[in-house]
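Report on one structure; see the data block that follows.
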Amino acid sequence: MLNELKSEITTILISTDRSVDSRLQEICDLLKNTVPHYDWVGFYFKNGDKEELKLGPYAGEPTDHTIIPFGKGICGQVAVSNENFVVPDVKAQDNYIACSITVKAEIVVPLFVNGENIGQIDIDSNTPDPFTSADEHFLEFVNEEVAKMFS
Ligand code: SME
């Protein structure tokens, strides 16, 4: 199912007649509405020169965490590690920022433009331990396609 979404994602992202945010919003909506274990889908970006992330387009419940300092939570850790972070059980994490009590698991994949970590895609799931390497590979593909808009 994830592989079948790839061509649709590429088509959305190459629509240069639309704003970057509008295209990212459509990606968030598509992923949340199509993949059963994706319950919140959003992009965070480095906030200018600050050592913090700022929430961009997202689909799902609004979150209070629109700004996340580097190092804080799963997102803030990925901002400094440059590595994918798969969390099968959010309760087992001590450096975790809870957005909703329904969330059981999370995956964060960094977004690189010309080798620089400029942000990330963040997905929350209400299903315990739902993410596999297929999700990681798929989200790396999504971010590579997103990166083309910025390079
Ligand atoms: N849980 C994240 C915070 C962002 S929300 O999931 C939308 C974290 O620990 O960084």
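For the structure tokens, the naming scheme is as follows: chains receive sequential letters (A, B, ...) according to their order of presentation, residues are indexed from 1 within each chain, and ligands are indexed from 1 in presentation order.
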(request) Throw together the list of residues within 8 Å of ligand 1, counting only C-alpha atoms and all ligand atoms, and drop it here as a ChimeraX atom specification. (result) /A:40-42,63,65,68,72-77,95-100,106,122-124
(request) Using DSSP on the backbone coordinates, identify the residues of range 9-149 of chain A assigned to strand (DSSP E); present them as a PyMOL selection string. (result) chain A and resi 40-46+52-59+67-69+85-87+105-113+116-125
Write to file, as a short mmCIF file (atom, residue, chain, number, x, y, z; two decimals), in the first residue's frame, the residues of the selection just made, with N, CA, C and O atoms.
data_model
loop_
_atom_site.label_atom_id
_atom_site.label_comp_id
_atom_site.auth_asym_id
_atom_site.auth_seq_id
_atom_site.Cartn_x
_atom_site.Cartn_y
_atom_site.Cartn_z
N TRP A 40 -1.57 10.91 13.11
CA TRP A 40 -1.18 12.33 13.08
C TRP A 40 0.06 12.39 12.21
O TRP A 40 1.01 11.62 12.41
N VAL A 41 0.03 13.28 11.22
CA VAL A 41 1.14 13.39 10.28
C VAL A 41 1.51 14.86 10.14
O VAL A 41 0.64 15.69 9.82
N GLY A 42 2.76 15.20 10.43
CA GLY A 42 3.13 16.61 10.31
C GLY A 42 4.59 16.79 9.95
O GLY A 42 5.41 15.87 10.08
N PHE A 43 4.89 18.00 9.48
CA PHE A 43 6.28 18.38 9.20
C PHE A 43 6.71 19.44 10.21
O PHE A 43 5.97 20.41 10.47
N TYR A 44 7.90 19.26 10.76
CA TYR A 44 8.56 20.30 11.55
C TYR A 44 9.77 20.77 10.77
O TYR A 44 10.44 19.97 10.11
N PHE A 45 10.06 22.08 10.87
CA PHE A 45 11.24 22.65 10.19
C PHE A 45 12.08 23.44 11.17
O PHE A 45 11.54 24.07 12.10
N LYS A 46 13.40 23.46 10.93
CA LYS A 46 14.28 24.32 11.71
C LYS A 46 13.78 25.75 11.61
O LYS A 46 13.46 26.23 10.51
N GLU A 52 15.76 25.32 17.31
CA GLU A 52 14.43 24.82 17.62
C GLU A 52 13.69 24.46 16.34
O GLU A 52 14.05 24.93 15.26
N LEU A 53 12.68 23.62 16.52
CA LEU A 53 11.82 23.22 15.40
C LEU A 53 10.51 23.97 15.48
O LEU A 53 10.00 24.24 16.59
N LYS A 54 9.95 24.27 14.30
CA LYS A 54 8.65 24.94 14.25
C LYS A 54 7.71 24.06 13.43
O LYS A 54 8.10 23.56 12.36
N LEU A 55 6.50 23.89 13.93
CA LEU A 55 5.52 23.05 13.23
C LEU A 55 5.10 23.69 11.91
O LEU A 55 4.79 24.88 11.86
N GLY A 56 5.10 22.89 10.86
CA GLY A 56 4.58 23.31 9.57
C GLY A 56 3.23 22.65 9.32
O GLY A 56 2.48 22.41 10.27
N PRO A 57 2.93 22.32 8.07
CA PRO A 57 1.65 21.67 7.78
C PRO A 57 1.51 20.34 8.52
O PRO A 57 2.50 19.60 8.68
N TYR A 58 0.29 20.02 8.94
CA TYR A 58 0.04 18.75 9.62
C TYR A 58 -1.42 18.35 9.41
O TYR A 58 -2.25 19.19 9.08
N ALA A 59 -1.70 17.07 9.64
CA ALA A 59 -3.07 16.55 9.60
C ALA A 59 -3.30 15.76 10.87
O ALA A 59 -2.47 14.95 11.26
N ILE A 67 6.44 24.70 18.81
CA ILE A 67 7.88 24.97 18.87
C ILE A 67 8.52 23.90 19.77
O ILE A 67 8.04 23.68 20.89
N ILE A 68 9.56 23.24 19.27
CA ILE A 68 10.25 22.20 20.05
C ILE A 68 11.75 22.50 20.04
O ILE A 68 12.37 22.52 18.97
N PRO A 69 12.35 22.75 21.21
CA PRO A 69 13.80 23.00 21.25
C PRO A 69 14.58 21.76 20.80
O PRO A 69 14.17 20.64 21.08
N PHE A 85 14.10 7.88 13.96
CA PHE A 85 13.79 7.47 15.34
C PHE A 85 12.43 6.77 15.31
O PHE A 85 11.41 7.39 15.04
N VAL A 86 12.46 5.45 15.56
CA VAL A 86 11.23 4.68 15.61
C VAL A 86 10.94 4.34 17.07
O VAL A 86 11.79 3.77 17.75
N VAL A 87 9.77 4.72 17.54
CA VAL A 87 9.39 4.50 18.94
C VAL A 87 8.19 3.55 18.97
O VAL A 87 7.07 3.96 18.68
N ALA A 105 2.62 5.14 19.64
CA ALA A 105 3.91 4.94 18.97
C ALA A 105 4.17 6.14 18.06
O ALA A 105 3.24 6.89 17.72
N GLU A 106 5.45 6.31 17.67
CA GLU A 106 5.82 7.47 16.87
C GLU A 106 7.00 7.11 15.97
O GLU A 106 7.84 6.28 16.34
N ILE A 107 7.05 7.75 14.80
CA ILE A 107 8.23 7.64 13.93
C ILE A 107 8.58 9.03 13.43
O ILE A 107 7.68 9.80 13.06
N VAL A 108 9.86 9.36 13.50
CA VAL A 108 10.35 10.65 13.00
C VAL A 108 11.51 10.37 12.05
O VAL A 108 12.45 9.65 12.40
N VAL A 109 11.43 10.93 10.85
CA VAL A 109 12.46 10.74 9.82
C VAL A 109 12.96 12.12 9.38
O VAL A 109 12.16 12.97 8.99
N PRO A 110 14.28 12.34 9.48
CA PRO A 110 14.82 13.66 9.15
C PRO A 110 14.74 13.96 7.65
O PRO A 110 14.74 13.05 6.82
N LEU A 111 14.69 15.27 7.36
CA LEU A 111 14.55 15.76 5.99
C LEU A 111 15.84 16.52 5.63
O LEU A 111 16.16 17.53 6.27
N PHE A 112 16.56 16.00 4.64
CA PHE A 112 17.84 16.59 4.26
C PHE A 112 17.73 17.33 2.94
O PHE A 112 17.16 16.80 1.98
N VAL A 113 18.25 18.55 2.90
CA VAL A 113 18.38 19.28 1.65
C VAL A 113 19.87 19.59 1.48
O VAL A 113 20.46 20.26 2.35
N GLU A 116 21.94 18.85 4.49
CA GLU A 116 21.64 19.55 5.75
C GLU A 116 20.27 19.12 6.27
O GLU A 116 19.29 19.06 5.52
N ASN A 117 20.23 18.81 7.57
CA ASN A 117 18.98 18.42 8.22
C ASN A 117 18.13 19.68 8.46
O ASN A 117 18.42 20.47 9.37
N ILE A 118 17.11 19.88 7.62
CA ILE A 118 16.30 21.13 7.72
C ILE A 118 14.97 20.90 8.42
O ILE A 118 14.22 21.84 8.64
N GLY A 119 14.68 19.67 8.76
CA GLY A 119 13.39 19.40 9.43
C GLY A 119 13.12 17.91 9.45
O GLY A 119 14.05 17.10 9.42
N GLN A 120 11.86 17.56 9.47
CA GLN A 120 11.51 16.15 9.64
C GLN A 120 10.02 15.92 9.37
O GLN A 120 9.22 16.86 9.43
N ILE A 121 9.71 14.66 9.06
CA ILE A 121 8.31 14.25 9.07
C ILE A 121 8.09 13.46 10.35
O ILE A 121 8.95 12.66 10.75
N ASP A 122 6.97 13.74 11.00
CA ASP A 122 6.66 13.14 12.31
C ASP A 122 5.30 12.47 12.19
O ASP A 122 4.34 13.10 11.76
N ILE A 123 5.24 11.19 12.56
CA ILE A 123 3.96 10.47 12.52
C ILE A 123 3.69 9.82 13.86
O ILE A 123 4.56 9.16 14.44
N ASP A 124 2.47 10.06 14.36
CA ASP A 124 2.01 9.42 15.60
C ASP A 124 1.01 8.33 15.23
O ASP A 124 0.23 8.48 14.28
N SER A 125 1.02 7.24 16.01
CA SER A 125 0.05 6.17 15.79
C SER A 125 -0.66 5.84 17.09
O SER A 125 -0.04 5.80 18.15
#
(message) Can you tell me which residues surround Ile27 in chain A at a distance of at most 12 Å, considering only C-alpha atoms, apart from same-chain residues fewer than 6 positions away, and format the answer as a ChimeraX atom specification?
(response) /A:5-14,20-21,33-35,40-43,57-59,121,139,142-143,145-146
(request) List every residue of chain A that DSSP, applied to the backbone of this structure, places in helix (DSSP H, G or I), and write the result as number ranges by chain. (result) A: 3-13, 20-34, 73-81, 90-92, 133-150
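Taking CA of Phe138 in chain A as the reference point, CA of Asn3 in chain A is found at 7.2 Å.
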(request) Tell me, as a list in words, which residues lie within 7 Å of Asp89 in chain A, counting only C-alpha atoms; anything in the same chain fewer than 2 positions away does not count. (result) Val87, Lys91, Ala92, Lys104, Ala105, Pro128 and Asp129 of chain A
(message) Measuring between only C-alpha atoms, which one of A:Ile101, A:Asp94, A:Phe150, A:Asn84 shows the shortest distance to Glu136 in chain A?
(response) A:Asn84
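Computed from the coordinates, the CA of Gly71 in chain A to CA of Asn47 in chain A distance equals 14.1 Å.
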